[in-house]
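Engineer: Got a structure for you, run37.csv, holding CSV, C-alpha atoms.
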chain,number,residue,atom,x,y,z
A,1444,MET,CA,0.0,0.0,0.0
A,1445,LYS,CA,1.1,3.5,-0.8
A,1446,LYS,CA,1.9,5.6,2.3
A,1447,ILE,CA,0.8,9.2,1.5
A,1448,SER,CA,1.4,10.8,4.8
A,1449,SER,CA,3.4,10.3,8.0
A,1450,GLY,CA,2.4,12.8,10.7
A,1451,LYS,CA,3.5,13.3,14.3
A,1452,VAL,CA,1.2,10.4,15.4
A,1453,ARG,CA,-0.7,9.0,12.3
A,1454,GLU,CA,0.3,7.1,9.2
A,1455,ILE,CA,-2.0,7.4,6.2
A,1456,TYR,CA,-2.1,4.8,3.4
A,1457,GLU,CA,-4.0,5.1,0.1
A,1458,VAL,CA,-6.2,2.1,-0.3
A,1459,ASP,CA,-7.8,3.1,-3.6
A,1460,ASP,CA,-9.2,6.2,-5.3
A,1461,ASP,CA,-11.8,7.0,-2.6
A,1462,LYS,CA,-10.5,5.2,0.6
A,1463,LEU,CA,-7.6,5.6,3.0
A,1464,LEU,CA,-6.4,3.6,6.0
A,1465,LEU,CA,-5.4,5.7,9.1
A,1466,VAL,CA,-3.0,4.0,11.5
A,1467,VAL,CA,-2.5,5.6,14.9
A,1468,SER,CA,1.0,5.0,16.2
A,1469,ASP,CA,2.2,5.0,19.8
A,1470,ARG,CA,4.3,8.1,19.1
A,1471,ILE,CA,3.7,11.2,21.2
A,1472,SER,CA,4.4,14.8,20.5
A,1473,ALA,CA,4.8,17.9,22.6
A,1474,PHE,CA,5.7,21.5,21.8
A,1475,ASP,CA,5.8,20.5,18.1
A,1476,TYR,CA,8.4,17.7,18.7
A,1477,ILE,CA,7.9,14.0,18.3
A,1478,LEU,CA,9.4,12.6,21.5
A,1479,PRO,CA,11.9,9.8,21.4
A,1480,SER,CA,9.9,7.4,23.6
A,1481,LEU,CA,6.8,5.5,22.6
A,1482,VAL,CA,3.7,5.3,24.8
A,1483,PRO,CA,2.5,1.7,24.7
A,1484,ASN,CA,-1.1,1.2,23.4
A,1485,LYS,CA,-1.6,5.0,23.1
A,1486,GLY,CA,-2.5,4.6,19.4
A,1487,LYS,CA,-5.2,2.0,20.2
A,1488,ILE,CA,-6.7,4.2,23.0
A,1489,LEU,CA,-6.8,7.2,20.7
A,1490,ASN,CA,-8.3,5.2,17.8
A,1491,GLN,CA,-11.0,3.7,20.0
A,1492,ILE,CA,-11.9,7.0,21.7
A,1493,SER,CA,-12.3,8.6,18.3
A,1494,ALA,CA,-14.5,5.7,17.1
A,1495,PHE,CA,-16.7,6.2,20.3
A,1496,TRP,CA,-17.2,9.9,19.6
A,1497,PHE,CA,-17.8,9.5,15.9
A,1498,HIS,CA,-20.7,7.2,16.8
A,1499,HIS,CA,-21.9,9.7,19.5
A,1500,ILE,CA,-22.2,12.6,17.1
A,1501,LYS,CA,-23.5,10.9,14.0
A,1502,ASP,CA,-26.8,12.6,14.4
A,1503,ILE,CA,-25.1,16.0,14.1
A,1504,ILE,CA,-22.6,15.4,11.2
A,1505,PRO,CA,-21.5,12.5,9.0
A,1506,ASN,CA,-18.0,11.2,9.6
A,1507,HIS,CA,-15.4,9.6,7.4
A,1508,VAL,CA,-15.3,6.1,9.0
A,1509,ILE,CA,-16.1,3.1,6.8
A,1510,SER,CA,-14.9,0.4,9.3
A,1511,THR,CA,-12.7,-0.2,12.3
A,1512,ASP,CA,-13.0,-4.0,11.8
A,1513,ILE,CA,-9.6,-5.4,10.7
A,1514,ASN,CA,-11.5,-8.0,8.6
A,1515,ASP,CA,-12.8,-5.1,6.3
A,1516,PHE,CA,-9.2,-3.8,5.7
A,1517,PRO,CA,-7.1,-4.7,2.7
A,1518,LYS,CA,-5.3,-8.0,3.3
A,1519,GLU,CA,-2.0,-6.3,3.8
A,1520,PHE,CA,-3.4,-4.7,7.0
A,1521,GLN,CA,-5.1,-7.8,8.5
A,1522,THR,CA,-2.4,-8.3,11.1
A,1523,LYS,CA,-2.1,-7.8,14.8
A,1524,GLU,CA,0.1,-4.8,14.1
A,1525,PHE,CA,-2.8,-2.8,12.8
A,1526,GLU,CA,-5.7,-4.3,14.9
A,1527,GLY,CA,-7.4,-1.8,17.2
A,1528,ARG,CA,-5.3,1.2,16.0
A,1529,SER,CA,-6.6,1.6,12.5
A,1530,MET,CA,-9.6,2.9,10.6
A,1531,LEU,CA,-10.7,2.5,7.0
A,1532,VAL,CA,-12.0,5.9,6.0
A,1533,LYS,CA,-13.4,7.8,3.0
A,1534,LYS,CA,-11.1,10.1,1.2
A,1535,LEU,CA,-12.1,13.7,1.6
A,1536,LYS,CA,-11.1,17.1,0.4
A,1537,MET,CA,-9.7,18.4,3.7
A,1538,ILE,CA,-10.4,22.0,4.8
A,1539,PRO,CA,-7.2,23.8,5.7
A,1540,VAL,CA,-8.4,25.1,9.1
A,1541,GLU,CA,-8.0,23.6,12.6
A,1542,CYS,CA,-11.3,24.2,14.2
A,1543,ILE,CA,-10.5,24.9,17.9
A,1544,VAL,CA,-13.3,25.4,20.4
A,1545,ARG,CA,-12.8,26.6,24.0
A,1546,GLY,CA,-15.4,26.2,26.7
A,1547,TYR,CA,-13.1,27.2,29.6
A,1548,ILE,CA,-10.2,29.7,29.9
A,1549,THR,CA,-6.9,28.0,30.2
A,1550,GLY,CA,-3.5,27.5,28.6
A,1551,SER,CA,-2.6,30.1,25.9
A,1552,GLY,CA,-6.1,31.5,26.1
A,1553,TRP,CA,-5.6,32.4,29.8
A,1554,LYS,CA,-2.3,33.9,29.1
A,1555,SER,CA,-3.8,36.1,26.3
A,1556,TYR,CA,-6.7,37.1,28.5
A,1557,GLN,CA,-4.4,38.2,31.3
A,1558,GLU,CA,-2.5,40.4,28.8
A,1559,ASN,CA,-5.4,42.1,27.0
A,1560,GLY,CA,-8.8,40.7,27.9
A,1561,THR,CA,-9.1,38.7,24.7
A,1562,ILE,CA,-8.6,35.2,23.3
A,1563,CYS,CA,-7.6,35.2,19.6
A,1564,GLY,CA,-9.1,38.6,19.2
A,1565,ILE,CA,-12.4,37.8,20.9
A,1566,THR,CA,-13.2,40.2,23.8
A,1567,LEU,CA,-14.3,38.4,26.9
A,1568,PRO,CA,-16.0,39.7,30.1
A,1569,GLN,CA,-13.7,41.2,32.7
A,1570,GLY,CA,-12.8,39.4,35.9
A,1571,LEU,CA,-12.6,35.8,34.7
A,1572,GLN,CA,-10.3,33.5,36.6
A,1573,GLU,CA,-8.0,30.7,35.4
A,1574,SER,CA,-10.0,27.6,34.4
A,1575,GLU,CA,-13.3,29.4,34.6
A,1576,LYS,CA,-16.1,28.3,32.3
A,1577,LEU,CA,-16.8,30.8,29.5
A,1578,PRO,CA,-20.3,32.3,29.2
A,1579,GLU,CA,-20.5,30.5,25.8
A,1580,PRO,CA,-18.0,28.3,23.9
A,1581,ILE,CA,-15.9,30.3,21.5
A,1582,PHE,CA,-14.5,29.3,18.1
A,1583,THR,CA,-10.8,30.1,17.7
A,1584,PRO,CA,-9.5,28.6,14.5
A,1585,THR,CA,-5.9,28.2,13.4
A,1586,THR,CA,-4.1,27.4,10.2
A,1587,LYS,CA,-2.9,23.9,9.5
A,1588,ALA,CA,0.8,24.2,9.2
A,1589,ALA,CA,2.6,21.3,7.5
A,1590,GLU,CA,5.6,22.1,9.7
A,1591,GLY,CA,6.1,24.2,12.9
A,1592,HIS,CA,3.4,26.1,14.7
A,1593,ASP,CA,-0.2,26.5,13.6
A,1594,GLU,CA,-1.1,30.2,13.5
A,1595,ASN,CA,-4.2,31.8,15.1
A,1596,ILE,CA,-6.5,33.3,12.5
A,1597,SER,CA,-9.7,35.3,12.9
A,1598,PHE,CA,-13.1,34.2,11.7
A,1599,GLU,CA,-12.9,36.8,9.0
A,1600,GLU,CA,-9.7,35.3,7.7
A,1601,VAL,CA,-11.4,31.9,7.6
A,1602,CYS,CA,-14.1,33.4,5.5
A,1603,GLN,CA,-11.5,34.8,3.1
A,1604,LEU,CA,-9.7,31.5,3.0
A,1605,ILE,CA,-12.7,29.1,2.3
A,1606,GLY,CA,-15.7,31.4,1.8
A,1607,LYS,CA,-18.3,32.8,4.2
A,1608,ASP,CA,-20.9,30.1,3.9
A,1609,LEU,CA,-18.5,27.2,4.6
A,1610,ALA,CA,-16.8,29.2,7.4
A,1611,LYS,CA,-20.2,29.7,9.1
A,1612,GLN,CA,-20.9,26.0,8.8
A,1613,LEU,CA,-17.6,25.1,10.3
A,1614,ARG,CA,-18.1,27.4,13.3
A,1615,SER,CA,-21.6,26.3,13.9
A,1616,LYS,CA,-20.9,22.5,13.7
A,1617,THR,CA,-17.7,22.9,15.8
A,1618,ILE,CA,-19.6,24.5,18.6
A,1619,GLU,CA,-22.6,22.2,18.3
A,1620,ILE,CA,-20.4,19.0,18.5
A,1621,TYR,CA,-18.4,20.4,21.4
A,1622,SER,CA,-21.6,21.4,23.3
A,1623,LYS,CA,-23.2,17.9,22.9
A,1624,CYS,CA,-20.0,16.0,23.9
A,1625,ALA,CA,-19.1,18.3,26.8
A,1626,GLN,CA,-22.6,17.9,28.2
A,1627,TYR,CA,-22.2,14.1,27.9
A,1628,ALA,CA,-18.7,14.0,29.4
A,1629,LEU,CA,-19.8,16.0,32.4
A,1630,THR,CA,-22.2,13.1,33.3
A,1631,LYS,CA,-19.1,10.9,33.4
A,1632,GLY,CA,-17.1,13.2,35.6
A,1633,VAL,CA,-15.0,14.7,32.8
A,1634,ILE,CA,-14.8,18.4,31.9
A,1635,ILE,CA,-13.8,19.0,28.3
A,1636,ALA,CA,-12.1,22.4,28.5
A,1637,ASP,CA,-11.2,22.7,24.9
A,1638,THR,CA,-10.6,20.6,21.8
A,1639,LYS,CA,-9.9,20.8,18.1
A,1640,PHE,CA,-11.7,19.2,15.1
A,1641,GLU,CA,-10.8,18.7,11.4
A,1642,PHE,CA,-13.3,18.6,8.6
A,1643,GLY,CA,-13.4,17.8,4.9
A,1644,LEU,CA,-15.8,17.8,2.0
A,1645,ASP,CA,-17.0,14.5,0.4
A,1646,GLU,CA,-17.7,14.0,-3.3
A,1647,ASN,CA,-21.1,15.8,-3.0
A,1648,GLY,CA,-19.7,18.8,-1.2
A,1649,THR,CA,-21.1,17.6,2.2
A,1650,LEU,CA,-19.3,18.7,5.3
A,1651,VAL,CA,-17.8,15.6,7.1
A,1652,ILE,CA,-15.8,15.4,10.3
A,1653,ALA,CA,-12.5,13.5,10.0
A,1654,ASP,CA,-9.1,12.7,11.6
A,1655,GLU,CA,-9.6,12.3,15.4
A,1656,VAL,CA,-12.4,13.4,17.8
A,1657,LEU,CA,-12.0,14.4,21.4
A,1658,THR,CA,-9.0,12.4,22.3
A,1659,PRO,CA,-6.5,13.1,25.0
A,1660,ASP,CA,-4.1,14.3,22.3
A,1661,SER,CA,-6.5,16.8,20.8
A,1662,SER,CA,-8.4,18.0,24.0
A,1663,ARG,CA,-8.0,19.1,27.5
A,1664,PHE,CA,-9.9,16.7,29.8
A,1665,TRP,CA,-10.3,17.7,33.5
A,1666,SER,CA,-11.6,15.8,36.5
A,1667,ALA,CA,-15.0,17.3,37.3
A,1668,CYS,CA,-14.8,16.2,41.0
A,1669,ASP,CA,-11.5,18.0,41.5
A,1670,TYR,CA,-12.4,21.1,39.5
A,1671,GLU,CA,-11.6,24.4,41.2
A,1672,ILE,CA,-11.7,27.8,39.6
A,1673,GLY,CA,-8.5,29.9,39.9
A,1674,LYS,CA,-5.8,27.3,39.3
A,1675,SER,CA,-4.6,24.7,36.8
A,1676,GLN,CA,-6.6,21.4,36.9
A,1677,LYS,CA,-6.0,17.7,37.2
A,1678,SER,CA,-6.1,16.4,33.7
A,1679,PHE,CA,-6.6,13.1,31.8
A,1680,ASP,CA,-4.5,14.1,28.7
A,1681,LYS,CA,-0.9,14.8,27.7
A,1682,GLN,CA,-0.8,18.0,29.8
A,1683,TYR,CA,1.0,15.9,32.4
A,1684,LEU,CA,3.8,15.2,30.0
A,1685,ARG,CA,4.0,18.8,28.9
A,1686,ASP,CA,4.2,19.9,32.5
A,1687,TRP,CA,6.9,17.3,33.2
A,1688,ILE,CA,8.9,18.6,30.2
A,1689,LYS,CA,8.6,22.2,31.4
A,1690,SER,CA,9.4,21.5,35.0
A,1691,THR,CA,12.5,19.3,34.3
A,1692,GLY,CA,13.9,21.4,31.4
A,1693,TYR,CA,13.9,18.2,29.2
A,1694,ASN,CA,15.1,18.9,25.7
A,1695,PRO,CA,13.4,16.6,23.1
A,1696,GLU,CA,16.1,17.4,20.6
A,1697,THR,CA,18.7,15.4,22.5
A,1698,GLY,CA,16.9,12.1,21.9
A,1699,THR,CA,17.2,11.2,25.5
A,1700,PRO,CA,14.5,8.6,26.5
A,1701,ILE,CA,11.7,9.7,28.8
A,1702,PRO,CA,11.8,7.9,32.1
A,1703,ASN,CA,9.6,4.8,32.3
A,1704,GLU,CA,7.6,6.2,35.2
A,1705,VAL,CA,6.6,9.3,33.2
A,1706,ILE,CA,5.5,7.1,30.2
A,1707,GLU,CA,3.5,4.8,32.6
A,1708,THR,CA,1.7,7.8,34.2
A,1709,THR,CA,0.9,9.2,30.8
A,1710,VAL,CA,-0.6,6.0,29.4
A,1711,ASN,CA,-2.6,5.5,32.7
A,1712,LYS,CA,-4.1,9.0,32.2
A,1713,TYR,CA,-5.2,8.0,28.7
A,1714,LYS,CA,-6.7,4.7,30.0
A,1715,GLU,CA,-8.5,6.6,32.7
A,1716,ALA,CA,-10.0,9.0,30.2
A,1717,TYR,CA,-11.1,6.0,28.0
A,1718,LYS,CA,-12.8,4.3,30.9
A,1719,LEU,CA,-14.6,7.4,32.2
A,1720,LEU,CA,-16.0,8.3,28.8
A,1721,THR,CA,-16.9,4.8,27.5
A,1722,ASP,CA,-17.7,3.0,30.7
A,1723,LYS,CA,-15.3,0.2,29.5
A,1724,ASP,CA,-11.8,-0.9,30.6
A,1725,PHE,CA,-9.3,-0.6,27.9
A,1726,LYS,CA,-8.2,-4.0,26.6
Is it possible to express this structure as structure tokens?
Structural biologist:
Amino acid sequence: MKKISSGKVREIYEVDDDKLLLVVSDRISAFDYILPSLVPNKGKILNQISAFWFHHIKDIIPNHVISTDINDFPKEFQTKEFEGRSMLVKKLKMIPVECIVRGYITGSGWKSYQENGTICGITLPQGLQESEKLPEPIFTPTTKAAEGHDENISFEEVCQLIGKDLAKQLRSKTIEIYSKCAQYALTKGVIIADTKFEFGLDENGTLVIADEVLTPDSSRFWSACDYEIGKSQKSFDKQYLRDWIKSTGYNPETGTPIPNEVIETTVNKYKEAYKLLTDKDFK
């Protein structure tokens, strides 16, 4: 099979003219670096969380998934190596915008708000505290950079890039999907602080959600029972790993392996997110 892309985490193979196979590796990235140590089973957890959410939001928007059953894959991929971590999907015309939605003020958004009262140019009420829930979820898109950092862009710039009608549709669906899933997650003890989605157009020009959905790699998941406004939160995502890198001064460019206990803690956070959201133990 022809490999057409190798990203920070995913490998994409061309199956035929209208199908792709997405394979989620155990690689992990932070601060735009692929780290030198693998996180065992991370790819399977991400793949299965995405599959769960794709099913959960199918009444809102179609998705690109054809099958997650290895028996439906081309014979080259019907091996243990690909089982549980792969999806057969429709090929789409991908939209060059990362659709980020924020329901709580944290991370770079909190830093920006402290400086000038805005997030990505959107003015927010005065007096918000770190990790506080926003009055309404906000749409803060970025470019999709092939290399390096994605850049924040305004909604008006999205309109110029892809057209006003499609931009409005992206914004509306992004907030609708987030709102439904955040409400569900809260019943499971998980706050979804923010996340990002990717969309494409099918052969009929229909908007379709693709890539990954609400995984610990693409979202901030907080513990609802430990939630407390005014500080950073306990999380079930790779924020733990980012914090470890910042606190230790670890330099990913050296290629030094990450300590086993840090890898183990990271994968356990991913497993905990999976169990809370799906009511199933990861196997």
Engineer: How many Å separate atom CA of A:Gly1552 from atom CA of A:Tyr1621?
Structural biologist: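 Going from atom CA of A:Gly1552 over to atom CA of A:Tyr1621 covers 17.2 Å.
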Engineer: Which residue gives the smallest distance to A:Pro1479 among A:Lys1451, A:Ser1678, A:Pro1584, A:Phe1525, with all atoms listed in the file counted?
Structural biologist: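 Answer, going by the shortest atom-to-atom distance: A:Lys1451.
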Engineer: If we count only C-alpha atoms and set the cut-off at 7 Å, which residues sit around stretch 1655-1662 of chain A, ignoring sequence neighbours fewer than 2 positions away in its own chain? Please answer as an NGL selection string.
Structural biologist: :A and (1489 or 1492-1493 or 1496-1497 or 1635 or 1637-1640 or 1653 or 1664 or 1679-1681 or 1713)
Engineer: Deliver the residues from the most recent selection as a file, using C-alpha atoms, as an mmCIF file, keeping the file's coordinate frame.
Structural biologist:
data_model
loop_
_atom_site.group_PDB
_atom_site.id
_atom_site.type_symbol
_atom_site.label_atom_id
_atom_site.label_comp_id
_atom_site.auth_asym_id
_atom_site.auth_seq_id
_atom_site.Cartn_x
_atom_site.Cartn_y
_atom_site.Cartn_z
ATOM 1 C CA LEU A 1489 -6.800 7.200 20.700
ATOM 2 C CA ILE A 1492 -11.900 7.000 21.700
ATOM 3 C CA SER A 1493 -12.300 8.600 18.300
ATOM 4 C CA TRP A 1496 -17.200 9.900 19.600
ATOM 5 C CA PHE A 1497 -17.800 9.500 15.900
ATOM 6 C CA ILE A 1635 -13.800 19.000 28.300
ATOM 7 C CA ASP A 1637 -11.200 22.700 24.900
ATOM 8 C CA THR A 1638 -10.600 20.600 21.800
ATOM 9 C CA LYS A 1639 -9.900 20.800 18.100
ATOM 10 C CA PHE A 1640 -11.700 19.200 15.100
ATOM 11 C CA ALA A 1653 -12.500 13.500 10.000
ATOM 12 C CA PHE A 1664 -9.900 16.700 29.800
ATOM 13 C CA PHE A 1679 -6.600 13.100 31.800
ATOM 14 C CA ASP A 1680 -4.500 14.100 28.700
ATOM 15 C CA LYS A 1681 -0.900 14.800 27.700
ATOM 16 C CA TYR A 1713 -5.200 8.000 28.700
#
Engineer: Considering only C-alpha atoms, state which residue in the set A:Val1633, A:Ile1513, A:Val1466, A:Ile1538 is at the smallest distance from A:Ile1447.
Structural biologist: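 Among the listed residues, the smallest separation from A:Ile1447 belongs to A:Val1466.
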Engineer: For atom CA of A:Ile1688 and atom CA of A:Ser1555, determine how far apart the two atoms are, in Å to one decimal place.
Structural biologist: 22.0 Å
Engineer: Find the distance between atom CA of A:Gln1557 and atom CA of A:Ser1615 and write it in Å to one decimal.
Structural biologist: 27.2 Å
